[in-house]
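Everything below belongs to entry_35.txt, which stores compact mmCIF, C-alpha atoms and all ligand atoms.
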# COMPACT_ATOMS: atom_id res chain seq x y z
CA MET Y 24 81.92 154.90 -25.45
CA SER Y 25 80.29 152.61 -22.94
CA PRO Y 26 79.80 148.93 -23.87
CA GLU Y 27 76.01 149.40 -23.53
CA GLU Y 28 76.04 152.28 -25.97
CA LYS Y 29 78.16 150.30 -28.40
CA ARG Y 30 75.77 147.35 -28.16
CA ARG Y 31 72.82 149.68 -28.73
CA LEU Y 32 74.44 151.13 -31.85
CA ALA Y 33 75.39 147.66 -33.09
CA ARG Y 34 71.77 146.53 -32.70
CA LEU Y 35 70.55 149.60 -34.54
CA ALA Y 36 73.12 149.10 -37.31
CA CYS Y 37 71.77 145.57 -37.67
CA GLN Y 38 68.27 147.02 -38.10
CA VAL Y 39 69.58 149.46 -40.69
CA ARG Y 40 71.26 146.62 -42.60
CA MET Y 41 68.05 144.57 -42.52
CA GLY Y 42 66.15 147.62 -43.77
CA ILE Y 43 68.54 147.89 -46.71
CA LEU Y 44 68.01 144.24 -47.58
CA GLU Y 45 64.24 144.38 -47.14
CA ALA Y 46 63.95 147.50 -49.30
CA THR Y 47 66.18 146.39 -52.17
CA HIS Y 48 64.71 142.89 -52.14
CA ALA Y 49 61.17 144.29 -52.31
CA ALA Y 50 62.16 146.73 -55.06
CA ARG Y 51 64.11 144.07 -56.93
CA SER Y 52 66.67 146.80 -57.64
CA GLY Y 53 68.80 149.33 -55.82
CA HIS Y 54 72.27 149.67 -54.37
CA PRO Y 55 72.98 147.44 -51.36
CA GLY Y 56 76.81 147.39 -51.54
CA GLY Y 57 77.55 151.05 -50.78
CA SER Y 58 74.54 151.27 -48.45
CA LEU Y 59 75.93 148.45 -46.33
CA SER Y 60 79.46 149.91 -46.25
CA ALA Y 61 78.00 153.11 -44.80
CA ALA Y 62 75.39 151.45 -42.54
CA ASP Y 63 77.45 151.92 -39.38
CA LEU Y 64 78.00 155.57 -40.26
CA PHE Y 65 74.29 156.17 -40.97
CA THR Y 66 73.53 154.61 -37.60
CA TYR Y 67 76.09 156.68 -35.74
CA LEU Y 68 74.97 159.91 -37.40
CA TYR Y 69 71.24 159.43 -36.87
CA PHE Y 70 71.43 157.95 -33.38
CA LYS Y 71 74.31 159.87 -31.86
CA GLU Y 72 75.85 162.68 -33.83
CA LEU Y 73 73.19 164.71 -35.59
CA ASN Y 74 71.15 167.31 -33.75
CA ILE Y 75 67.76 166.44 -35.27
CA ASP Y 76 64.15 165.93 -34.29
CA PRO Y 77 62.22 163.30 -36.27
CA SER Y 78 58.93 164.93 -35.28
CA ARG Y 79 60.11 168.18 -36.89
CA PRO Y 80 62.04 167.24 -40.04
CA ASP Y 81 61.93 170.88 -41.21
CA TRP Y 82 63.22 172.35 -37.94
CA GLU Y 83 65.47 175.19 -39.09
CA GLU Y 84 68.18 174.72 -36.48
CA ARG Y 85 68.74 171.04 -37.23
CA ASP Y 86 72.06 169.70 -38.42
CA ARG Y 87 72.02 168.85 -42.12
CA PHE Y 88 73.10 165.61 -43.75
CA VAL Y 89 73.71 165.42 -47.48
CA LEU Y 90 74.08 161.99 -49.02
CA SER Y 91 76.28 163.04 -51.90
CA LYS Y 92 76.61 159.39 -52.99
CA GLY Y 93 72.85 159.42 -53.49
CA HIS Y 94 72.59 155.94 -55.01
CA THR Y 95 73.02 154.54 -51.49
CA ALA Y 96 69.59 155.91 -50.58
CA PRO Y 97 68.43 152.54 -49.14
CA GLY Y 98 70.95 152.99 -46.33
CA LEU Y 99 69.77 156.52 -45.61
CA TYR Y 100 66.10 155.48 -45.76
CA ALA Y 101 66.68 152.54 -43.41
CA ALA Y 102 68.35 154.86 -40.88
CA LEU Y 103 65.61 157.50 -41.21
CA ALA Y 104 62.94 154.85 -40.70
CA ALA Y 105 64.76 153.39 -37.69
CA ARG Y 106 65.02 156.90 -36.21
CA GLY Y 107 61.30 157.46 -36.66
CA PHE Y 108 61.07 159.89 -39.58
CA PHE Y 109 58.55 157.59 -41.27
CA PRO Y 110 57.18 154.05 -40.76
CA LYS Y 111 59.54 151.15 -41.38
CA GLU Y 112 56.93 149.52 -43.62
CA ASP Y 113 57.56 152.32 -46.14
CA LEU Y 114 60.91 150.70 -46.91
CA LEU Y 115 59.03 147.99 -48.79
CA THR Y 116 57.82 150.65 -51.24
CA LEU Y 117 61.33 151.57 -52.37
CA ARG Y 118 61.41 152.60 -56.04
CA LYS Y 119 57.67 151.95 -56.48
CA ILE Y 120 55.57 154.43 -58.42
CA GLY Y 121 53.92 156.84 -55.99
CA SER Y 122 56.27 156.01 -53.12
CA HIS Y 123 58.13 158.80 -51.35
CA LEU Y 124 61.18 156.53 -51.36
CA GLN Y 125 62.61 156.81 -54.82
CA GLY Y 126 65.87 155.27 -56.03
CA HIS Y 127 67.75 158.45 -55.18
CA PRO Y 128 66.91 160.84 -52.31
CA ASN Y 129 64.31 163.51 -52.98
CA MET Y 130 64.13 166.32 -50.43
CA ASN Y 131 60.62 167.24 -51.60
CA LEU Y 132 59.21 163.80 -50.89
CA THR Y 133 60.97 162.16 -47.96
CA PRO Y 134 60.87 163.48 -44.40
CA GLY Y 135 64.44 163.83 -43.12
CA VAL Y 136 66.12 164.12 -46.51
CA ASP Y 137 67.96 167.45 -46.62
CA MET Y 138 69.12 167.43 -50.25
CA SER Y 139 68.10 165.71 -53.47
CA THR Y 140 71.12 163.86 -54.82
CA GLY Y 141 72.14 161.10 -57.18
CA SER Y 142 74.21 162.86 -59.76
CA LEU Y 143 77.60 162.14 -58.23
CA GLY Y 144 79.72 165.10 -57.19
CA GLN Y 145 76.91 167.56 -56.74
CA GLY Y 146 75.76 166.91 -53.17
CA ILE Y 147 78.97 168.17 -51.62
CA SER Y 148 78.53 171.53 -53.38
CA ALA Y 149 75.06 171.87 -51.87
CA ALA Y 150 76.45 170.91 -48.46
CA ALA Y 151 79.17 173.56 -48.71
CA GLY Y 152 76.50 176.12 -49.62
CA MET Y 153 74.42 175.11 -46.59
CA ALA Y 154 77.45 175.48 -44.33
CA LEU Y 155 78.14 178.96 -45.72
CA MET Y 156 74.49 179.92 -45.25
CA ALA Y 157 74.66 178.79 -41.62
CA LYS Y 158 77.76 180.95 -41.08
CA HIS Y 159 76.08 184.00 -42.61
CA GLN Y 160 73.01 183.49 -40.43
CA HIS Y 161 75.12 182.88 -37.30
CA LYS Y 162 73.51 179.50 -36.79
CA SER Y 163 75.35 176.89 -34.80
CA LEU Y 164 74.12 173.99 -36.93
CA ARG Y 165 76.61 171.67 -38.59
CA VAL Y 166 76.56 170.15 -42.07
CA TYR Y 167 77.68 166.61 -42.88
CA ALA Y 168 78.22 165.20 -46.36
CA LEU Y 169 78.99 161.61 -47.34
CA LEU Y 170 80.87 160.95 -50.56
CA GLY Y 171 82.08 157.74 -52.19
CA ASP Y 172 85.71 157.10 -53.11
CA GLY Y 173 84.53 156.54 -56.67
CA GLU Y 174 82.47 159.73 -56.53
CA ILE Y 175 85.53 161.90 -55.91
CA GLN Y 176 86.77 160.98 -59.38
CA GLU Y 177 84.34 163.70 -60.43
CA GLY Y 178 85.82 167.19 -60.73
CA GLN Y 179 83.05 169.02 -58.88
CA PRO Y 180 83.92 167.82 -55.33
CA TRP Y 181 87.39 169.35 -55.65
CA GLU Y 182 85.93 172.73 -56.48
CA ALA Y 183 83.63 172.35 -53.45
CA PHE Y 184 86.61 171.38 -51.26
CA MET Y 185 88.46 174.49 -52.43
CA PHE Y 186 85.35 176.57 -51.68
CA ALA Y 187 85.00 175.03 -48.19
CA HIS Y 188 88.55 175.95 -47.30
CA HIS Y 189 88.34 179.43 -48.79
CA TYR Y 190 85.23 180.26 -46.75
CA GLN Y 191 86.66 178.59 -43.61
CA LEU Y 192 83.71 176.25 -43.30
CA ASP Y 193 84.62 174.66 -39.98
CA ASN Y 194 80.94 173.72 -39.61
CA LEU Y 195 81.30 171.33 -42.56
CA CYS Y 196 82.28 167.71 -42.01
CA VAL Y 197 83.03 165.75 -45.17
CA ILE Y 198 83.02 161.97 -44.86
CA ILE Y 199 84.49 159.76 -47.54
CA ASP Y 200 83.41 156.12 -47.69
CA ASN Y 201 86.62 154.49 -48.79
CA ASN Y 202 85.35 151.01 -49.67
CA HIS Y 203 87.78 150.72 -52.60
CA LEU Y 204 85.09 149.59 -55.04
CA GLN Y 205 82.83 151.44 -57.43
CA ILE Y 206 80.32 150.43 -60.08
CA ASP Y 207 82.82 148.77 -62.42
CA GLY Y 208 85.42 147.40 -60.00
CA PRO Y 209 88.33 148.62 -57.90
CA VAL Y 210 88.52 152.40 -57.62
CA GLU Y 211 92.33 152.26 -58.07
CA GLN Y 212 91.93 150.56 -61.44
CA VAL Y 213 89.16 152.75 -62.83
CA MET Y 214 90.88 156.04 -61.96
CA SER Y 215 92.78 156.32 -58.71
CA PRO Y 216 91.89 159.18 -56.37
CA TYR Y 217 94.63 158.09 -53.95
CA PRO Y 218 96.25 159.21 -51.73
CA ILE Y 219 93.01 160.79 -50.52
CA PRO Y 220 94.26 162.08 -47.12
CA ASP Y 221 97.22 163.92 -48.67
CA LYS Y 222 95.00 165.51 -51.31
CA LEU Y 223 92.42 166.69 -48.78
CA ARG Y 224 95.19 168.11 -46.59
CA ALA Y 225 96.59 169.92 -49.62
CA PHE Y 226 93.12 171.43 -50.09
CA GLY Y 227 93.30 172.79 -46.54
CA PHE Y 228 91.24 170.22 -44.68
CA GLU Y 229 91.93 168.82 -41.26
CA VAL Y 230 91.83 165.07 -41.90
CA GLN Y 231 91.25 161.98 -39.79
CA GLU Y 232 91.36 158.41 -41.03
CA ILE Y 233 89.21 155.84 -39.24
CA ASP Y 234 87.81 152.34 -39.49
CA GLY Y 235 84.27 153.03 -40.70
CA HIS Y 236 82.89 150.06 -38.79
CA ASP Y 237 84.26 151.12 -35.41
CA PHE Y 238 81.95 153.31 -33.30
CA ASP Y 239 84.71 154.30 -30.87
CA GLN Y 240 86.77 155.72 -33.71
CA MET Y 241 83.74 157.52 -35.09
CA GLU Y 242 83.04 159.11 -31.74
CA GLN Y 243 86.60 160.32 -31.44
CA ALA Y 244 86.72 161.66 -35.03
CA PHE Y 245 83.39 163.51 -34.82
CA ALA Y 246 84.38 165.04 -31.49
CA ARG Y 247 87.60 166.30 -33.05
CA ALA Y 248 85.68 167.60 -36.09
CA ARG Y 249 83.48 169.66 -33.77
CA SER Y 250 86.50 171.18 -32.03
CA VAL Y 251 88.44 172.28 -35.11
CA ARG Y 252 88.24 175.99 -35.94
CA GLY Y 253 88.85 177.86 -39.17
CA VAL Y 254 89.10 174.94 -41.60
CA PRO Y 255 86.74 172.21 -42.81
CA PHE Y 256 87.12 168.65 -41.54
CA CYS Y 257 87.30 165.39 -43.47
CA ILE Y 258 86.84 161.90 -42.09
CA ILE Y 259 88.12 159.23 -44.42
CA MET Y 260 86.63 155.96 -43.33
CA SER Y 261 87.99 152.66 -44.43
CA THR Y 262 85.06 150.32 -45.03
CA VAL Y 263 84.05 147.07 -46.69
CA LYS Y 264 81.50 147.28 -49.46
CA GLY Y 265 78.56 145.00 -48.64
CA LYS Y 266 79.63 144.87 -44.97
CA GLY Y 267 77.57 142.51 -42.83
CA VAL Y 268 76.43 140.13 -45.56
CA PRO Y 269 79.39 137.80 -46.22
CA PHE Y 270 78.47 136.89 -49.79
CA MET Y 271 78.14 140.59 -50.68
CA GLU Y 272 81.33 141.74 -48.97
CA ASP Y 273 84.04 143.23 -51.16
CA GLN Y 274 82.20 142.33 -54.37
CA ALA Y 275 81.70 145.06 -56.99
CA SER Y 276 78.89 142.95 -58.43
CA TRP Y 277 76.74 143.91 -55.42
CA HIS Y 278 77.08 147.62 -56.18
CA GLY Y 279 73.69 147.94 -57.85
CA LYS Y 280 71.93 144.59 -57.67
CA ALA Y 281 69.11 143.45 -55.40
CA PRO Y 282 69.16 140.11 -53.62
CA ASN Y 283 66.78 137.53 -55.08
CA ASP Y 284 64.46 135.54 -52.79
CA GLU Y 285 67.07 132.93 -51.95
CA GLU Y 286 69.84 135.46 -51.35
CA TYR Y 287 67.50 137.59 -49.28
CA ALA Y 288 66.51 134.67 -47.07
CA GLN Y 289 70.16 133.75 -46.66
CA ALA Y 290 71.18 137.32 -45.80
CA MET Y 291 68.32 137.83 -43.38
CA SER Y 292 69.08 134.63 -41.55
CA LEU Y 293 72.38 136.12 -40.41
CA PRO Y 294 71.33 138.65 -37.83
CA LEU Y 295 69.85 137.11 -34.74
CA ARG Y 296 66.56 138.83 -34.38
CA ARG Y 297 63.46 137.68 -32.65
CA PRO Y 298 60.44 138.28 -34.85
CA ARG Y 299 57.76 140.36 -33.25
CA SER Y 300 54.57 139.05 -34.81
CA TRP Y 301 53.25 135.57 -34.14
CA ALA Y 302 52.97 134.89 -37.84
CA ARG Y 303 56.62 135.66 -38.37
CA ARG Y 304 57.59 133.55 -35.39
CA MET Y 305 55.72 130.59 -36.82
CA CYS Y 306 57.38 130.97 -40.20
CA TRP Y 307 60.69 131.45 -38.43
CA ALA Y 308 60.23 128.21 -36.52
CA VAL Y 309 59.20 126.16 -39.55
CA CYS Y 310 61.10 127.71 -42.45
CA GLY Y 311 64.02 129.31 -40.65
CA PRO Y 312 65.22 132.76 -39.66
CA GLY Y 313 64.38 135.60 -41.98
CA THR Y 314 61.18 134.05 -43.33
CA GLY Y 315 57.79 135.56 -42.74
CA PRO Y 316 54.22 135.61 -43.79
CA ILE Y 317 52.90 136.99 -47.03
CA ILE Y 318 51.33 140.22 -45.98
CA PRO Y 319 48.64 141.32 -48.39
CA THR Y 320 48.94 144.96 -49.29
CA ARG Y 321 45.22 145.17 -49.98
CA TRP Y 322 42.56 143.07 -48.38
CA ALA Y 323 40.03 144.22 -50.94
CA GLY Y 324 39.02 141.34 -53.12
CA SER Y 325 40.29 138.56 -50.88
CA ARG Y 326 37.63 136.26 -49.51
CA ARG Y 327 37.14 136.74 -45.83
CA TRP Y 328 34.65 135.31 -43.49
CA ARG Y 329 34.27 135.33 -39.78
CA GLY Y 330 33.70 132.63 -37.25
CA SER Y 331 33.63 132.61 -33.55
CA ILE Y 332 35.91 130.15 -31.74
CA SER Y 333 35.10 131.42 -28.34
CA SER Y 334 32.67 133.77 -26.89
CA THR Y 335 35.33 136.41 -26.48
CA ILE Y 336 37.60 136.24 -29.55
CA THR Y 337 36.39 136.68 -33.07
CA LEU Y 338 38.77 135.62 -35.79
CA SER Y 339 38.64 136.33 -39.47
CA PHE Y 340 40.68 134.35 -41.96
CA SER Y 341 41.63 134.49 -45.59
CA PRO Y 342 42.49 131.38 -47.58
CA GLY Y 343 45.41 131.16 -49.98
CA LEU Y 344 47.94 133.17 -48.02
CA GLY Y 345 50.82 131.75 -46.10
CA CYS Y 346 54.52 131.75 -45.45
CA GLU Y 347 56.42 133.78 -48.04
CA THR Y 348 59.11 131.14 -48.25
CA CYS Y 349 57.35 127.78 -48.33
CA ARG Y 350 53.95 129.11 -49.45
CA ARG Y 351 52.45 126.09 -47.76
CA GLY Y 352 50.45 128.00 -45.21
CA SER Y 353 46.94 127.26 -46.35
CA LEU Y 354 45.16 129.50 -43.95
CA TRP Y 355 45.95 132.84 -42.52
CA TRP Y 356 44.16 133.73 -39.39
CA THR Y 357 43.98 137.26 -38.25
CA SER Y 358 42.52 138.85 -35.20
CA PHE Y 359 42.88 142.24 -33.66
CA ALA Y 360 45.34 140.71 -31.21
CA ALA Y 361 47.54 138.32 -33.15
CA GLN Y 362 48.31 136.80 -36.50
CA ILE Y 363 49.16 133.13 -36.76
CA CYS Y 364 50.58 131.35 -39.80
CA PHE Y 365 49.69 127.64 -39.83
CA CYS Y 366 52.44 126.48 -42.10
C1 LIG C 401 77.51 162.08 -62.46
C2 LIG C 401 77.25 160.60 -62.34
N1 LIG C 401 77.93 159.74 -63.11
C3 LIG C 401 77.69 158.41 -63.02
C4 LIG C 401 76.78 157.93 -62.14
C5 LIG C 401 76.48 156.44 -62.07
N2 LIG C 401 77.04 155.84 -60.87
C6 LIG C 401 76.25 155.53 -59.82
S1 LIG C 401 77.08 154.89 -58.55
C7 LIG C 401 78.55 154.98 -59.36
C8 LIG C 401 79.82 154.54 -58.71
C9 LIG C 401 80.05 155.24 -57.41
O1 LIG C 401 81.11 154.67 -56.70
P1 LIG C 401 81.36 155.09 -55.20
O2 LIG C 401 81.29 156.55 -55.10
O3 LIG C 401 82.64 154.47 -54.76
O4 LIG C 401 80.11 154.49 -54.46
P2 LIG C 401 79.96 153.30 -53.40
O5 LIG C 401 81.03 152.28 -53.68
O6 LIG C 401 80.16 153.89 -52.06
O7 LIG C 401 78.59 152.76 -53.63
C10 LIG C 401 78.36 155.51 -60.62
C11 LIG C 401 79.44 155.74 -61.61
C12 LIG C 401 76.08 158.87 -61.35
N3 LIG C 401 75.17 158.49 -60.45
N4 LIG C 401 76.35 160.19 -61.45
Once more with this new file: its structure as structure tokens, please.
Amino acid sequence: MSPEEKRRLARLACQVRMGILEATHAARSGHPGGSLSAADLFTYLYFKELNIDPSRPDWEERDRFVLSKGHTAPGLYAALAARGFFPKEDLLTLRKIGSHLQGHPNMNLTPGVDMSTGSLGQGISAAAGMALMAKHQHKSLRVYALLGDGEIQEGQPWEAFMFAHHYQLDNLCVIIDNNHLQIDGPVEQVMSPYPIPDKLRAFGFEVQEIDGHDFDQMEQAFARARSVRGVPFCIIMSTVKGKGVPFMEDQASWHGKAPNDEEYAQAMSLPLRRPRSWARRMCWAVCGPGTGPIIPTRWAGSRRWRGSISSTITLSFSPGLGCETCRRGSLWWTSFAAQICFC
């Protein structure tokens, strides 16, 4: 992989990680840990591996992706938004009533979601069925399924693995996110599924172990998966739960907990990103990276009045809004061209 491509993917993975943080922080709930461990994989799949078209999420010939570890929906949503399946702003509606982004993926609501999941162990069965369907219909599409290392403590995946081998589903690529932690602590202590590679091989899979944060290794493994004939393929990726946010890394406590305001600000200050809007840049300059303006979801009811500061630009402003961190911004000016936070 060229250095430019790797940089591009790294930048996108950073966006995906920020999307995870923004969504779970806004929802005040959700699963950041396992979303972050798989963020590099989501990025690689949606920006390099999958044959998909965001403008046609129901395109029949598309590759399918099943997030069997459905609780890590924030990671999937952040990747789908980054890839253009829906606006990034939707991430802030995670888990809200009426939002298409519920706590677990719903194929009937969210563009780009191929299977509703959340009950651990079931997604892989659906993925195996999709792969068999594709074989019957002589379609060249491929099916990818992501499972957690805690998830494979369930019995159902092993029946699906047996099924995949029996029906020679070489169009199925199983990926296991081996971050060593689950909801209650270390996977080994709760009920060890190890050694995972030996067990998958015994079930007839071709297996490759990789570092799940290394795009070169992903490229090599997915290329090999595409070339294997007659048997299903499994990529076991070694990852760090909470990867990218140091205080979340390798901590089971971040399995299903949202960052509070302080933690969110701290986490968002890590990636070096240049805010796009003027308002955010002002907050960034005064209150630090990761801060931004309070953006009203509804203007209705707020007092607005208009004044002309030049003959060419008309500004409207609303009092009482300001920087989401310091809340000192007394005035919020908006125009069709720019937004400026005077904090
Ligand atoms: C059938 C079922 N049992 C229990 C749960 C609750 N649950 C949600 S996440 C989780 C732990 C999953 O661990 P792992 O697969 O390792 O996920 P990751 O660390 O990648 O987030 C559990 C037990 C569930 N969603 N489905």
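Taking only C-alpha atoms and all ligand atoms into account, every polymer residue with at least one atom at most 7 Å away from ligand LIG 401 (chain C) is listed here: Gly56, Gly57, Ser58, Lys92, His94, Thr95, Gly141, Ser142, Leu143, Gly144, Leu170, Gly171, Asp172, Gly173, Glu174, Ile175, Asp200, Asn202, His203, Leu204, Gln205, Ile206, Val210, Lys264 and His278 of chain Y.
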May I have the centre and edge lengths, in Å to one decimal, of an axis-aligned box around the listed atoms of range 139-151 of chain Y with 5 Å added to every side, as AutoDock Vina command-line options?
--center_x 73.9 --center_y 167.3 --center_z -54.1 --size_x 21.6 --size_y 22.5 --size_z 21.3
Quiz item: With all atoms listed in the file as the basis for distance, which of Y:Pro255, Y:Asp237, Y:Thr47, Y:Leu155 is at the shortest distance from Asp193 in chain Y?
Solution: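 The answer is Y:Pro255, which sits nearest to Asp193 in chain Y.
Take CA of Leu99 in chain Y and CA of Lys280 in chain Y: the distance between them is 17.1 Å.
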Quiz item: Between Y:Leu68, Y:Ala154, Y:Met214, Y:Ile120, which has the minimum distance to His188 in chain Y (counting only C-alpha atoms)?
Solution: Y:Ala154
Could you pull range 210-236 of chain Y out of the structure just shown and give N, CA and C atoms as a PDB file, in the first residue's frame?
ATOM      1  N   VAL Y 210     -11.718 -11.783  28.272  1.00  0.00           N
ATOM      2  CA  VAL Y 210     -12.424 -12.903  27.648  1.00  0.00           C
ATOM      3  C   VAL Y 210     -11.914 -14.234  28.206  1.00  0.00           C
ATOM      4  N   GLU Y 211     -10.602 -14.322  28.411  1.00  0.00           N
ATOM      5  CA  GLU Y 211     -10.001 -15.579  28.929  1.00  0.00           C
ATOM      6  C   GLU Y 211     -10.616 -15.964  30.261  1.00  0.00           C
ATOM      7  N   GLN Y 212     -10.885 -14.941  31.097  1.00  0.00           N
ATOM      8  CA  GLN Y 212     -11.381 -15.241  32.443  1.00  0.00           C
ATOM      9  C   GLN Y 212     -12.866 -15.597  32.444  1.00  0.00           C
ATOM     10  N   VAL Y 213     -13.631 -14.940  31.570  1.00  0.00           N
ATOM     11  CA  VAL Y 213     -15.080 -15.184  31.564  1.00  0.00           C
ATOM     12  C   VAL Y 213     -15.353 -16.599  31.041  1.00  0.00           C
ATOM     13  N   MET Y 214     -14.869 -16.886  29.849  1.00  0.00           N
ATOM     14  CA  MET Y 214     -14.928 -18.252  29.305  1.00  0.00           C
ATOM     15  C   MET Y 214     -14.071 -18.261  28.043  1.00  0.00           C
ATOM     16  N   SER Y 215     -12.906 -18.890  28.147  1.00  0.00           N
ATOM     17  CA  SER Y 215     -11.921 -18.744  27.073  1.00  0.00           C
ATOM     18  C   SER Y 215     -12.340 -19.416  25.762  1.00  0.00           C
ATOM     19  N   PRO Y 216     -12.301 -18.654  24.667  1.00  0.00           N
ATOM     20  CA  PRO Y 216     -12.534 -19.267  23.361  1.00  0.00           C
ATOM     21  C   PRO Y 216     -11.214 -19.680  22.695  1.00  0.00           C
ATOM     22  N   TYR Y 217     -10.105 -19.479  23.391  1.00  0.00           N
ATOM     23  CA  TYR Y 217      -8.793 -19.702  22.770  1.00  0.00           C
ATOM     24  C   TYR Y 217      -8.420 -21.187  22.763  1.00  0.00           C
ATOM     25  N   PRO Y 218      -7.578 -21.623  21.846  1.00  0.00           N
ATOM     26  CA  PRO Y 218      -6.944 -20.870  20.760  1.00  0.00           C
ATOM     27  C   PRO Y 218      -7.898 -20.742  19.563  1.00  0.00           C
ATOM     28  N   ILE Y 219      -8.237 -19.501  19.232  1.00  0.00           N
ATOM     29  CA  ILE Y 219      -9.221 -19.278  18.160  1.00  0.00           C
ATOM     30  C   ILE Y 219      -8.731 -19.774  16.789  1.00  0.00           C
ATOM     31  N   PRO Y 220      -7.477 -19.495  16.395  1.00  0.00           N
ATOM     32  CA  PRO Y 220      -7.042 -19.936  15.058  1.00  0.00           C
ATOM     33  C   PRO Y 220      -7.138 -21.452  14.896  1.00  0.00           C
ATOM     34  N   ASP Y 221      -6.700 -22.189  15.904  1.00  0.00           N
ATOM     35  CA  ASP Y 221      -6.731 -23.661  15.801  1.00  0.00           C
ATOM     36  C   ASP Y 221      -8.164 -24.161  15.667  1.00  0.00           C
ATOM     37  N   LYS Y 222      -9.077 -23.515  16.422  1.00  0.00           N
ATOM     38  CA  LYS Y 222     -10.475 -23.977  16.370  1.00  0.00           C
ATOM     39  C   LYS Y 222     -11.088 -23.690  15.012  1.00  0.00           C
ATOM     40  N   LEU Y 223     -10.811 -22.508  14.470  1.00  0.00           N
ATOM     41  CA  LEU Y 223     -11.355 -22.178  13.141  1.00  0.00           C
ATOM     42  C   LEU Y 223     -10.774 -23.116  12.087  1.00  0.00           C
ATOM     43  N   ARG Y 224      -9.488 -23.410  12.204  1.00  0.00           N
ATOM     44  CA  ARG Y 224      -8.875 -24.342  11.228  1.00  0.00           C
ATOM     45  C   ARG Y 224      -9.535 -25.702  11.350  1.00  0.00           C
ATOM     46  N   ALA Y 225      -9.803 -26.128  12.576  1.00  0.00           N
ATOM     47  CA  ALA Y 225     -10.457 -27.433  12.772  1.00  0.00           C
ATOM     48  C   ALA Y 225     -11.863 -27.437  12.168  1.00  0.00           C
ATOM     49  N   PHE Y 226     -12.472 -26.258  12.073  1.00  0.00           N
ATOM     50  CA  PHE Y 226     -13.801 -26.157  11.448  1.00  0.00           C
ATOM     51  C   PHE Y 226     -13.698 -25.968   9.938  1.00  0.00           C
ATOM     52  N   GLY Y 227     -12.485 -26.073   9.406  1.00  0.00           N
ATOM     53  CA  GLY Y 227     -12.307 -26.077   7.953  1.00  0.00           C
ATOM     54  C   GLY Y 227     -12.035 -24.727   7.325  1.00  0.00           C
ATOM     55  N   PHE Y 228     -11.761 -23.740   8.152  1.00  0.00           N
ATOM     56  CA  PHE Y 228     -11.490 -22.399   7.605  1.00  0.00           C
ATOM     57  C   PHE Y 228     -10.019 -22.242   7.228  1.00  0.00           C
ATOM     58  N   GLU Y 229      -9.789 -21.423   6.246  1.00  0.00           N
ATOM     59  CA  GLU Y 229      -8.447 -20.899   5.983  1.00  0.00           C
ATOM     60  C   GLU Y 229      -8.324 -19.696   6.903  1.00  0.00           C
ATOM     61  N   VAL Y 230      -7.227 -19.613   7.665  1.00  0.00           N
ATOM     62  CA  VAL Y 230      -7.144 -18.590   8.713  1.00  0.00           C
ATOM     63  C   VAL Y 230      -5.920 -17.694   8.525  1.00  0.00           C
ATOM     64  N   GLN Y 231      -6.086 -16.415   8.787  1.00  0.00           N
ATOM     65  CA  GLN Y 231      -4.929 -15.515   8.830  1.00  0.00           C
ATOM     66  C   GLN Y 231      -5.034 -14.610  10.044  1.00  0.00           C
ATOM     67  N   GLU Y 232      -3.942 -14.524  10.772  1.00  0.00           N
ATOM     68  CA  GLU Y 232      -3.907 -13.649  11.948  1.00  0.00           C
ATOM     69  C   GLU Y 232      -3.201 -12.347  11.573  1.00  0.00           C
ATOM     70  N   ILE Y 233      -3.790 -11.228  11.971  1.00  0.00           N
ATOM     71  CA  ILE Y 233      -3.189  -9.933  11.636  1.00  0.00           C
ATOM     72  C   ILE Y 233      -3.274  -8.974  12.825  1.00  0.00           C
ATOM     73  N   ASP Y 234      -2.532  -7.884  12.705  1.00  0.00           N
ATOM     74  CA  ASP Y 234      -2.684  -6.759  13.625  1.00  0.00           C
ATOM     75  C   ASP Y 234      -3.844  -5.925  13.077  1.00  0.00           C
ATOM     76  N   GLY Y 235      -4.902  -5.808  13.818  1.00  0.00           N
ATOM     77  CA  GLY Y 235      -6.110  -5.126  13.343  1.00  0.00           C
ATOM     78  C   GLY Y 235      -5.999  -3.618  13.284  1.00  0.00           C
ATOM     79  N   HIS Y 236      -4.811  -3.090  13.518  1.00  0.00           N
ATOM     80  CA  HIS Y 236      -4.612  -1.649  13.360  1.00  0.00           C
ATOM     81  C   HIS Y 236      -3.561  -1.372  12.285  1.00  0.00           C
TER      82      HIS Y 236
END
